[in-house]
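**Student:** Contents are CSV, C-alpha atoms; file name coords34.csv:
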```
chain,number,residue,atom,x,y,z
A,175,MET,CA,159.2,91.3,46.0
A,176,ASN,CA,157.7,88.0,44.9
A,177,VAL,CA,158.1,86.6,48.5
A,178,GLU,CA,156.5,89.7,50.0
A,179,LYS,CA,153.5,89.3,47.8
A,180,MET,CA,153.1,85.7,48.8
A,181,VAL,CA,153.2,86.5,52.5
A,182,LYS,CA,150.6,89.2,52.0
A,183,GLU,CA,148.3,86.8,50.2
A,184,THR,CA,148.5,84.2,53.0
A,185,ILE,CA,147.5,86.5,55.8
A,186,GLU,CA,144.2,87.5,54.0
A,187,MET,CA,141.3,85.7,55.6
A,188,ASP,CA,137.9,84.9,54.0
A,189,MET,CA,135.3,86.2,56.4
A,190,THR,CA,132.3,85.0,54.4
A,191,PRO,CA,131.8,81.6,56.1
A,192,MET,CA,132.1,83.2,59.6
A,193,ILE,CA,129.5,85.8,58.7
A,194,ASP,CA,127.2,83.1,57.3
A,195,CYS,CA,127.5,81.2,60.5
A,196,VAL,CA,126.8,84.2,62.7
A,197,PHE,CA,123.8,85.1,60.6
A,198,LEU,CA,122.4,81.5,60.9
A,199,LEU,CA,123.0,81.5,64.6
A,200,MET,CA,121.2,84.9,65.0
A,201,ILE,CA,118.2,83.8,62.9
A,202,PHE,CA,118.1,80.6,65.0
A,203,PHE,CA,118.0,82.5,68.3
A,204,VAL,CA,115.5,85.0,67.0
A,205,LEU,CA,113.2,82.2,66.0
A,206,VAL,CA,113.7,80.3,69.3
A,207,ILE,CA,112.8,83.5,71.3
A,208,ASP,CA,109.7,84.0,69.1
A,209,LEU,CA,108.5,80.5,69.8
A,210,SER,CA,108.7,81.1,73.5
A,211,GLN,CA,106.6,84.2,73.1
A,212,LYS,CA,103.9,82.4,71.1
A,213,ASN,CA,102.1,81.5,74.3
A,214,LEU,CA,101.7,85.1,75.3
A,215,GLU,CA,98.7,87.1,74.0
A,216,ASP,CA,99.0,90.8,73.4
A,217,LEU,CA,97.5,92.1,76.7
A,218,ILE,CA,98.1,95.2,78.8
A,219,LEU,CA,99.0,93.9,82.3
A,220,PRO,CA,98.4,95.9,85.4
A,221,ARG,CA,101.5,97.6,86.9
A,222,ALA,CA,102.6,96.7,90.4
A,223,GLU,CA,105.6,98.1,92.3
A,224,PHE,CA,106.7,95.3,94.5
A,225,GLN,CA,106.4,92.2,92.3
A,226,GLU,CA,109.3,89.8,91.5
A,227,PRO,CA,110.7,90.1,88.0
A,228,ASP,CA,110.0,87.0,86.0
A,229,GLU,CA,113.6,86.6,84.9
A,230,SER,CA,114.1,82.8,85.1
A,231,PRO,CA,110.6,81.3,84.8
A,232,PRO,CA,110.2,77.5,85.2
A,233,GLU,CA,110.5,75.8,81.9
A,234,ASN,CA,107.3,73.8,82.0
A,235,ARG,CA,105.1,76.4,83.5
A,236,PRO,CA,101.7,76.4,81.8
A,237,ILE,CA,100.5,80.0,80.8
A,238,LEU,CA,96.8,80.8,80.6
A,239,ASN,CA,95.8,84.1,78.9
A,240,VAL,CA,92.6,85.8,79.8
A,241,LEU,CA,91.3,88.5,77.4
A,242,GLN,CA,89.2,91.5,78.4
A,243,ASN,CA,85.9,89.8,77.6
A,244,GLY,CA,86.9,86.7,79.7
A,245,THR,CA,88.1,84.5,76.8
A,246,VAL,CA,90.7,82.0,78.0
A,247,VAL,CA,93.5,81.3,75.5
A,248,TYR,CA,96.1,78.6,75.9
A,249,GLN,CA,98.9,78.2,73.4
A,250,GLY,CA,97.1,80.5,70.9
A,251,VAL,CA,93.9,78.4,71.0
A,252,VAL,CA,90.6,79.7,72.5
A,253,ALA,CA,89.6,77.3,75.2
A,254,TYR,CA,86.7,79.2,76.7
A,255,ASN,CA,84.7,82.2,75.3
A,256,PRO,CA,81.8,83.5,77.3
A,257,LEU,CA,80.3,85.1,74.2
A,258,ASP,CA,80.4,82.0,72.0
A,259,PRO,CA,77.4,79.7,72.6
A,260,GLU,CA,79.6,76.6,71.8
A,261,LYS,CA,82.4,77.6,74.1
A,262,ASN,CA,80.8,79.3,77.0
A,263,LYS,CA,80.5,76.4,79.4
A,264,LEU,CA,82.6,76.7,82.5
A,265,LYS,CA,83.4,73.0,82.3
A,266,LEU,CA,85.7,73.8,79.4
A,267,ILE,CA,88.0,75.6,81.8
A,268,TYR,CA,88.1,72.4,84.0
A,269,ASP,CA,88.7,70.3,80.9
A,270,LEU,CA,91.5,72.5,79.8
A,271,LEU,CA,93.3,72.4,83.1
A,272,PHE,CA,92.7,68.6,83.4
A,273,ASN,CA,94.2,68.1,79.9
A,274,ILE,CA,97.2,70.3,80.8
A,275,ARG,CA,97.8,68.3,83.9
A,276,GLU,CA,97.3,64.9,82.2
A,277,GLN,CA,99.6,65.8,79.3
A,278,GLY,CA,102.2,67.4,81.6
A,279,VAL,CA,102.3,64.4,83.9
A,280,ARG,CA,102.5,61.9,81.0
A,281,THR,CA,105.4,63.8,79.4
A,282,ASN,CA,107.1,64.3,82.7
A,283,ALA,CA,106.9,68.1,82.3
A,284,LEU,CA,104.8,68.4,85.5
A,285,HIS,CA,105.5,66.6,88.7
A,286,LEU,CA,103.1,65.4,91.4
A,287,VAL,CA,104.1,65.8,95.0
A,288,ASP,CA,102.7,65.0,98.4
A,289,LYS,CA,101.6,67.9,100.6
A,290,GLU,CA,101.1,67.7,104.3
A,291,GLY,CA,97.5,67.2,105.3
A,292,VAL,CA,96.3,66.7,101.8
A,293,ALA,CA,95.1,63.3,100.5
A,294,ALA,CA,95.5,64.0,96.8
A,295,LYS,CA,98.9,64.7,95.3
A,296,VAL,CA,99.4,68.3,94.0
A,297,ILE,CA,101.4,69.7,91.1
A,298,ASP,CA,104.7,71.1,92.1
A,299,GLU,CA,105.1,73.5,89.2
A,300,PRO,CA,103.3,76.9,89.2
A,301,ILE,CA,100.7,78.0,86.7
A,302,LEU,CA,100.8,81.6,85.4
A,303,ILE,CA,97.6,83.5,84.7
A,304,ARG,CA,98.0,86.5,82.4
A,305,ALA,CA,94.9,88.7,82.3
A,306,ASP,CA,94.4,92.2,80.9
A,307,LYS,CA,94.2,94.9,83.6
A,308,TRP,CA,90.5,95.4,82.6
A,309,THR,CA,89.5,91.8,82.7
A,310,GLU,CA,86.7,91.1,85.2
A,311,TRP,CA,88.0,89.2,88.2
A,312,ASN,CA,85.3,86.6,88.1
A,313,VAL,CA,86.9,84.7,85.2
A,314,VAL,CA,90.3,84.6,86.9
A,315,GLY,CA,88.5,83.6,90.1
A,316,GLU,CA,86.8,80.8,88.2
A,317,ILE,CA,90.2,79.5,86.9
A,318,MET,CA,91.6,79.6,90.4
A,319,LYS,CA,88.6,77.7,91.7
A,320,GLN,CA,89.1,75.0,89.1
A,321,CYS,CA,92.8,74.9,89.9
A,322,SER,CA,92.0,73.9,93.5
A,323,GLN,CA,89.9,70.9,92.4
A,324,PRO,CA,91.5,67.7,93.7
A,325,LYS,CA,91.7,66.1,90.2
A,326,ILE,CA,93.7,69.2,88.9
A,327,ALA,CA,95.5,70.4,92.0
A,328,PHE,CA,97.6,73.3,90.6
A,329,TRP,CA,98.1,74.9,94.0
A,330,LYS,CA,100.8,77.5,93.1
A,331,VAL,CA,99.2,80.2,91.0
A,332,GLN,CA,101.1,83.2,89.7
A,333,LEU,CA,99.5,86.4,88.5
A,334,ALA,CA,101.3,88.2,85.7
A,335,LEU,CA,102.0,91.9,86.1
A,336,SER,CA,104.2,94.4,84.3
A,337,GLU,CA,106.8,96.9,85.4
A,338,GLU,CA,105.2,99.4,83.0
A,339,ASP,CA,101.5,100.2,82.3
A,340,LYS,CA,101.4,100.5,78.5
A,341,GLU,CA,97.9,102.1,78.7
A,342,THR,CA,98.9,105.0,80.9
A,343,GLY,CA,102.7,105.0,80.3
A,344,GLU,CA,103.3,104.8,84.1
A,345,LYS,CA,106.6,103.0,84.9
A,346,ASN,CA,108.1,101.5,88.0
A,347,ALA,CA,110.9,103.4,89.7
A,348,SER,CA,113.3,100.7,88.7
A,349,LEU,CA,112.7,101.4,85.0
A,350,LYS,CA,113.1,105.2,85.3
A,351,LYS,CA,116.6,104.9,86.6
B,28,MET,CA,144.6,90.3,30.5
B,29,SER,CA,145.4,93.4,32.4
B,30,ALA,CA,142.1,95.1,31.3
B,31,LEU,CA,140.1,92.0,32.3
B,32,ASP,CA,141.8,92.1,35.7
B,33,ASP,CA,140.8,95.7,36.2
B,34,ALA,CA,137.2,95.0,35.2
B,35,GLN,CA,137.0,92.1,37.7
B,36,GLU,CA,138.3,94.2,40.5
B,37,GLU,CA,135.7,96.9,39.8
B,38,VAL,CA,132.7,94.6,40.4
B,39,LYS,CA,133.9,93.6,43.8
B,40,ALA,CA,131.8,95.3,46.4
B,41,ASP,CA,132.8,95.8,50.1
B,42,MET,CA,130.0,94.1,52.1
B,43,THR,CA,131.4,95.0,55.5
B,44,PRO,CA,129.3,98.2,56.1
B,45,MET,CA,126.1,96.5,55.0
B,46,ILE,CA,126.7,93.6,57.3
B,47,ASP,CA,127.5,96.0,60.2
B,48,VAL,CA,124.2,97.9,59.6
B,49,VAL,CA,122.2,94.6,59.3
B,50,PHE,CA,123.7,93.4,62.6
B,51,LEU,CA,122.9,96.7,64.4
B,52,MET,CA,119.3,96.6,63.0
B,53,ILE,CA,118.8,93.0,64.2
B,54,ILE,CA,120.1,93.9,67.7
B,55,PHE,CA,118.0,97.0,67.8
B,56,PHE,CA,114.8,95.1,67.0
B,57,ILE,CA,115.5,92.3,69.4
B,58,CYS,CA,116.1,94.8,72.2
B,59,ILE,CA,113.0,96.8,71.5
B,60,GLU,CA,110.8,93.7,71.5
B,61,PHE,CA,111.8,92.5,75.0
B,62,LYS,CA,112.4,95.8,76.8
B,63,VAL,CA,109.5,95.6,79.3
B,64,LEU,CA,109.9,92.7,81.7
B,65,GLU,CA,106.8,90.9,82.8
B,66,SER,CA,106.6,90.0,86.5
B,67,LYS,CA,104.5,87.8,88.7
B,68,LEU,CA,102.8,87.7,92.1
B,69,ASP,CA,102.5,84.4,93.8
B,70,ALA,CA,99.3,83.1,95.3
B,71,PHE,CA,98.4,79.8,96.9
B,72,LEU,CA,95.2,78.0,96.7
B,73,PRO,CA,93.6,76.0,99.5
B,74,THR,CA,94.8,72.5,98.6
B,75,ASP,CA,92.8,70.9,101.4
B,76,LYS,CA,89.5,71.7,99.7
B,77,GLY,CA,87.6,68.5,99.0
B,78,SER,CA,90.6,66.2,99.6
B,79,GLN,CA,91.2,66.7,103.3
B,80,ASN,CA,92.1,63.7,105.4
B,81,THR,CA,93.1,65.4,108.7
B,82,VAL,CA,91.5,67.8,111.0
B,83,VAL,CA,92.7,71.3,110.3
B,84,GLU,CA,92.5,73.9,113.1
B,85,PRO,CA,90.9,77.2,112.1
B,86,GLN,CA,93.5,79.8,111.3
B,87,GLU,CA,93.3,83.5,112.0
B,88,GLN,CA,93.6,85.4,108.8
B,89,LEU,CA,93.2,89.0,107.7
B,90,SER,CA,90.3,89.7,105.4
B,91,ILE,CA,90.6,92.3,102.6
B,92,LYS,CA,87.4,92.9,100.8
B,93,ILE,CA,87.1,94.8,97.5
B,94,HIS,CA,83.7,96.3,96.6
B,95,VAL,CA,82.8,98.2,93.5
B,96,GLN,CA,81.7,101.8,94.1
B,97,SER,CA,81.5,102.9,90.5
B,98,ALA,CA,81.6,100.4,87.6
B,99,GLY,CA,83.1,102.9,85.1
B,100,THR,CA,82.5,103.3,81.4
B,101,LYS,CA,84.2,101.3,78.6
B,102,ASP,CA,86.0,103.4,76.0
B,103,TYR,CA,86.8,101.5,72.8
B,104,GLY,CA,88.3,104.6,71.1
B,105,ARG,CA,88.0,104.9,67.3
B,106,ASP,CA,87.7,101.2,66.5
B,107,GLY,CA,84.6,100.6,68.6
B,108,PRO,CA,83.6,97.2,70.0
B,109,GLY,CA,84.1,94.3,67.6
B,110,ILE,CA,86.8,91.9,66.4
B,111,ASN,CA,90.1,92.9,65.1
B,112,PRO,CA,90.4,91.2,61.7
B,113,ASN,CA,94.2,91.0,61.9
B,114,THR,CA,94.5,89.4,65.3
B,115,GLU,CA,91.0,87.8,65.5
B,116,ARG,CA,90.8,89.1,69.0
B,117,PRO,CA,88.2,91.6,70.4
B,118,ASN,CA,89.1,95.2,70.3
B,119,ARG,CA,90.5,96.5,73.6
B,120,PHE,CA,88.8,99.1,75.8
B,121,LYS,CA,89.9,101.4,78.5
B,122,LEU,CA,87.8,101.7,81.6
B,123,THR,CA,87.3,105.3,82.9
B,124,GLY,CA,85.8,106.3,86.2
B,125,HIS,CA,86.1,102.8,87.8
B,126,LEU,CA,86.2,103.1,91.6
B,127,VAL,CA,86.5,100.5,94.3
B,128,LYS,CA,86.4,100.5,98.1
B,129,TRP,CA,88.5,98.3,100.2
B,130,GLU,CA,87.6,96.8,103.6
B,131,VAL,CA,90.8,95.8,105.5
B,132,GLY,CA,89.3,93.9,108.5
B,133,PRO,CA,86.4,96.2,109.5
B,134,LYS,CA,88.1,99.4,108.2
B,135,PRO,CA,86.8,101.0,105.0
B,136,LEU,CA,89.5,102.5,102.7
B,137,TYR,CA,89.3,104.4,99.5
B,138,SER,CA,92.7,104.4,97.9
B,139,ILE,CA,95.4,101.7,97.4
B,140,GLN,CA,97.9,104.0,99.2
B,141,GLU,CA,95.7,103.9,102.3
B,142,VAL,CA,95.4,100.1,102.0
B,143,LYS,CA,99.2,99.8,101.8
B,144,LYS,CA,99.6,101.9,105.0
B,145,GLU,CA,96.9,100.0,106.9
B,146,LEU,CA,98.4,96.6,105.9
B,147,GLU,CA,101.9,97.8,107.0
B,148,ARG,CA,100.4,98.9,110.3
B,149,ILE,CA,98.8,95.5,110.8
B,150,ALA,CA,101.9,93.6,109.8
B,151,SER,CA,104.0,95.5,112.3
B,152,ASP,CA,101.5,94.8,115.1
B,153,PRO,CA,102.7,92.0,117.4
B,154,ALA,CA,99.0,90.8,117.7
B,155,SER,CA,99.1,89.8,114.0
B,156,GLN,CA,101.7,87.1,114.7
B,157,VAL,CA,100.2,83.5,114.7
B,158,PRO,CA,101.9,80.2,115.7
B,159,ASP,CA,103.9,78.6,112.9
B,160,LYS,CA,103.5,74.8,113.0
B,161,ALA,CA,106.4,74.2,110.6
B,162,THR,CA,109.1,76.0,112.7
B,163,GLY,CA,107.4,76.0,116.1
B,164,GLY,CA,107.9,79.8,116.2
B,165,LYS,CA,105.6,82.6,115.1
B,166,LYS,CA,104.8,84.1,111.7
B,167,LEU,CA,102.6,86.8,110.2
B,168,MET,CA,99.0,85.7,109.7
B,169,SER,CA,97.9,85.0,106.2
B,170,CYS,CA,95.5,87.3,104.4
B,171,VAL,CA,92.5,86.5,102.1
B,172,ILE,CA,91.5,88.8,99.3
B,173,GLU,CA,87.8,88.7,98.7
B,174,ALA,CA,87.0,90.4,95.3
B,175,TYR,CA,83.3,91.1,94.9
B,176,PRO,CA,81.4,91.0,91.5
B,177,GLY,CA,82.4,93.8,89.2
B,178,THR,CA,86.0,94.1,90.3
B,179,TYR,CA,88.8,93.8,87.8
B,180,TYR,CA,92.1,92.0,87.6
B,181,LYS,CA,93.9,95.3,88.2
B,182,ASP,CA,92.0,95.9,91.6
B,183,VAL,CA,93.0,92.5,92.9
B,184,ALA,CA,96.6,92.6,91.5
B,185,GLU,CA,97.2,96.0,93.2
B,186,THR,CA,95.8,94.7,96.5
B,187,ASN,CA,98.0,91.6,96.2
B,188,ASP,CA,101.0,93.8,95.5
B,189,ALA,CA,100.2,96.0,98.6
B,190,ALA,CA,99.9,92.9,100.8
B,191,ASN,CA,103.2,91.6,99.5
B,192,ALA,CA,104.8,95.0,100.1
B,193,ALA,CA,103.5,95.0,103.7
B,194,GLY,CA,105.2,91.6,104.3
B,195,PHE,CA,102.2,89.2,104.0
B,196,GLU,CA,103.8,86.1,102.4
B,197,GLU,CA,100.7,84.0,102.3
B,198,VAL,CA,97.9,85.5,100.2
B,199,ASN,CA,94.7,83.5,99.6
B,200,PHE,CA,91.7,84.3,97.4
B,201,GLY,CA,88.0,84.0,98.2
B,202,GLY,CA,84.9,86.0,97.8
B,203,GLY,CA,82.0,86.2,95.5
B,204,LEU,CA,82.4,84.9,91.9
B,205,GLY,CA,80.0,86.0,89.2
B,206,PRO,CA,80.2,88.8,86.7
B,207,GLY,CA,79.4,92.5,87.5
B,208,LYS,CA,76.2,94.1,86.5
```
Rewrite the structure from the file as structure tokens, please.
**Tutor:**
Amino acid sequence: MNVEKMVKETIEMDMTPMIDCVFLLMIFFVLVIDLSQKNLEDLILPRAEFQEPDESPPENRPILNVLQNGTVVYQGVVAYNPLDPEKNKLKLIYDLLFNIREQGVRTNALHLVDKEGVAAKVIDEPILIRADKWTEWNVVGEIMKQCSQPKIAFWKVQLALSEEDKETGEKNASLKK
Amino acid sequence: MSALDDAQEEVKADMTPMIDVVFLMIIFFICIEFKVLESKLDAFLPTDKGSQNTVVEPQEQLSIKIHVQSAGTKDYGRDGPGINPNTERPNRFKLTGHLVKWEVGPKPLYSIQEVKKELERIASDPASQVPDKATGGKKLMSCVIEAYPGTYYKDVAETNDAANAAGFEEVNFGGGLGPGK
């Protein structure tokens, strides 16, 4: 009897450290995911049927958010606001893109490449523009215009869309299955 | 000693169900947060602008113009226009009655479905093939979307989507800047 009791005791395992570790790992991953979402403003994107899902976005892709009133937000900071007398100069968009490029190239996050027929080097990484579905196009057009300036040269521009229109509730066929 | 043992055993609580429930709740909230995938449409900008060092031959491209027919009315709902104190961002509005007209080449069209059909027809026309310098063969001509003042991101994104669906790989942007009236 005494031996049986000892055997029983040895096979009992303390689960507490494992659970602690799993909790810590989960909290870590939740926080990491949250950080990556920090660059995204709460916008309703237009729905499009044939777009590519953004499943493996480039790590260093800059993301510009454009609110309904044309305010441009980068990493949670308002860079341009057409309604603010101190921040309504279009040059602020140029300055923002120029700083993104300079910082990206300095930290090796963005890479300059040669393109056939073009004297200035261009940025190889894309830039993502996220605008609300009811944002006037002229602000997005202005960002694109500044992107094509030789001293900025972001030539690959991506427009963010959604598979579901959160305003009307319309979904893509792929989500209905 | 035996009574003390009993008392010690009683205060032990089984944590397993609570941990299970917490795990399930965490997984549930993570899944809810990231259910809707965001997507993207690629566009390319004219890199030769202002920094061109070679002579570029004019290329044939399809023009898609977007004009505003009815600007629509902004509906802010209960909150009205103003700043949301929690997010410090302006309140969102819905636009109702917004109508646009497309011109694909010279042809006027009034719905995105018609635009898709017309673009598919053009893409399947052998006359739309242009020489491809890179491969020496032929490729589908590029198209340029010209959004006129007063158009919204949705109008352009839908048009870009229709062009991609029809098979146009190279989509450029042009047209009038400036805000709508």
**Student:** Counting only C-alpha atoms, which residues from chain A have an atom at most 9 Å from any atom of chain B, and could you show them as a ChimeraX atom specification?
**Tutor:** /A:193,197,200,204,217,219-229,241-243,289,291-294,296,300,302,305-316,318-319,321-324,327-338,341,349
**Student:** Record the distance separating CA of Arg275 (chain A) and CA of Ile326 (chain A), expressed in Å with one decimal.
**Tutor:**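 We find that CA of Arg275 (chain A) and CA of Ile326 (chain A) lie 6.5 Å from each other.
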**Student:** Pick out the closest residue to Tyr103 (chain B) from this set: B:Lys39, B:Glu145, B:Thr123, B:Glu87. Count only C-alpha atoms.
**Tutor:**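 The shortest atom-to-atom distance to Tyr103 (chain B) comes from B:Thr123.
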**Student:** Which value, in Å to one decimal, gives the distance between CA of Asn199 (chain B) and CA of Lys340 (chain A)?
**Tutor:**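 Result for CA of Asn199 (chain B) versus CA of Lys340 (chain A): 27.9 Å, one decimal.
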**Student:** Rebuild region 163-186 of chain B to N, CA and C atoms - output it as a JSON list (two decimals), in the coordinates of the input, please.
**Tutor:**
```json
[["chain", "number", "residue", "atom", "x", "y", "z"],
["B", 163, "GLY", "N", 107.63, 75.97, 114.69],
["B", 163, "GLY", "CA", 107.40, 76.00, 116.10],
["B", 163, "GLY", "C", 107.41, 77.46, 116.65],
["B", 164, "GLY", "N", 107.79, 78.39, 115.83],
["B", 164, "GLY", "CA", 107.90, 79.80, 116.20],
["B", 164, "GLY", "C", 106.59, 80.55, 115.89],
["B", 165, "LYS", "N", 106.77, 81.80, 115.49],
["B", 165, "LYS", "CA", 105.60, 82.60, 115.10],
["B", 165, "LYS", "C", 105.81, 83.18, 113.71],
["B", 166, "LYS", "N", 104.70, 83.46, 113.05],
["B", 166, "LYS", "CA", 104.80, 84.10, 111.70],
["B", 166, "LYS", "C", 103.63, 85.03, 111.54],
["B", 167, "LEU", "N", 103.72, 85.86, 110.53],
["B", 167, "LEU", "CA", 102.60, 86.80, 110.20],
["B", 167, "LEU", "C", 101.43, 86.04, 109.70],
["B", 168, "MET", "N", 100.25, 86.42, 110.20],
["B", 168, "MET", "CA", 99.00, 85.70, 109.70],
["B", 168, "MET", "C", 98.87, 85.85, 108.22],
["B", 169, "SER", "N", 98.12, 84.93, 107.65],
["B", 169, "SER", "CA", 97.90, 85.00, 106.20],
["B", 169, "SER", "C", 96.75, 86.01, 105.95],
["B", 170, "CYS", "N", 96.59, 86.42, 104.71],
["B", 170, "CYS", "CA", 95.50, 87.30, 104.40],
["B", 170, "CYS", "C", 94.66, 86.71, 103.24],
["B", 171, "VAL", "N", 93.38, 87.01, 103.22],
["B", 171, "VAL", "CA", 92.50, 86.50, 102.10],
["B", 171, "VAL", "C", 91.91, 87.72, 101.43],
["B", 172, "ILE", "N", 92.07, 87.75, 100.11],
["B", 172, "ILE", "CA", 91.50, 88.80, 99.30],
["B", 172, "ILE", "C", 90.16, 88.37, 98.76],
["B", 173, "GLU", "N", 89.11, 89.08, 99.12],
["B", 173, "GLU", "CA", 87.80, 88.70, 98.70],
["B", 173, "GLU", "C", 87.31, 89.78, 97.66],
["B", 174, "ALA", "N", 87.33, 89.41, 96.40],
["B", 174, "ALA", "CA", 87.00, 90.40, 95.30],
["B", 174, "ALA", "C", 85.48, 90.14, 94.99],
["B", 175, "TYR", "N", 84.71, 91.18, 95.13],
["B", 175, "TYR", "CA", 83.30, 91.10, 94.90],
["B", 175, "TYR", "C", 82.94, 91.29, 93.41],
["B", 176, "PRO", "N", 81.77, 90.86, 92.95],
["B", 176, "PRO", "CA", 81.40, 91.00, 91.50],
["B", 176, "PRO", "C", 81.63, 92.41, 91.01],
["B", 177, "GLY", "N", 82.15, 92.50, 89.79],
["B", 177, "GLY", "CA", 82.40, 93.80, 89.20],
["B", 177, "GLY", "C", 83.78, 94.34, 89.36],
["B", 178, "THR", "N", 84.59, 93.63, 90.16],
["B", 178, "THR", "CA", 86.00, 94.10, 90.30],
["B", 178, "THR", "C", 86.81, 93.52, 89.16],
["B", 179, "TYR", "N", 87.93, 94.17, 88.90],
["B", 179, "TYR", "CA", 88.80, 93.80, 87.80],
["B", 179, "TYR", "C", 90.11, 93.25, 88.27],
["B", 180, "TYR", "N", 90.79, 92.60, 87.34],
["B", 180, "TYR", "CA", 92.10, 92.00, 87.60],
["B", 180, "TYR", "C", 93.05, 93.02, 88.24],
["B", 181, "LYS", "N", 92.99, 94.26, 87.72],
["B", 181, "LYS", "CA", 93.90, 95.30, 88.20],
["B", 181, "LYS", "C", 93.64, 95.58, 89.71],
["B", 182, "ASP", "N", 92.36, 95.63, 90.14],
["B", 182, "ASP", "CA", 92.00, 95.90, 91.60],
["B", 182, "ASP", "C", 92.67, 94.84, 92.45],
["B", 183, "VAL", "N", 92.52, 93.59, 92.03],
["B", 183, "VAL", "CA", 93.00, 92.50, 92.90],
["B", 183, "VAL", "C", 94.54, 92.45, 92.84],
["B", 184, "ALA", "N", 95.12, 92.64, 91.64],
["B", 184, "ALA", "CA", 96.60, 92.60, 91.50],
["B", 184, "ALA", "C", 97.23, 93.68, 92.36],
["B", 185, "GLU", "N", 96.64, 94.88, 92.35],
["B", 185, "GLU", "CA", 97.20, 96.00, 93.20],
["B", 185, "GLU", "C", 97.10, 95.65, 94.65],
["B", 186, "THR", "N", 95.98, 95.05, 95.05],
["B", 186, "THR", "CA", 95.80, 94.70, 96.50],
["B", 186, "THR", "C", 96.82, 93.63, 96.87]]
```
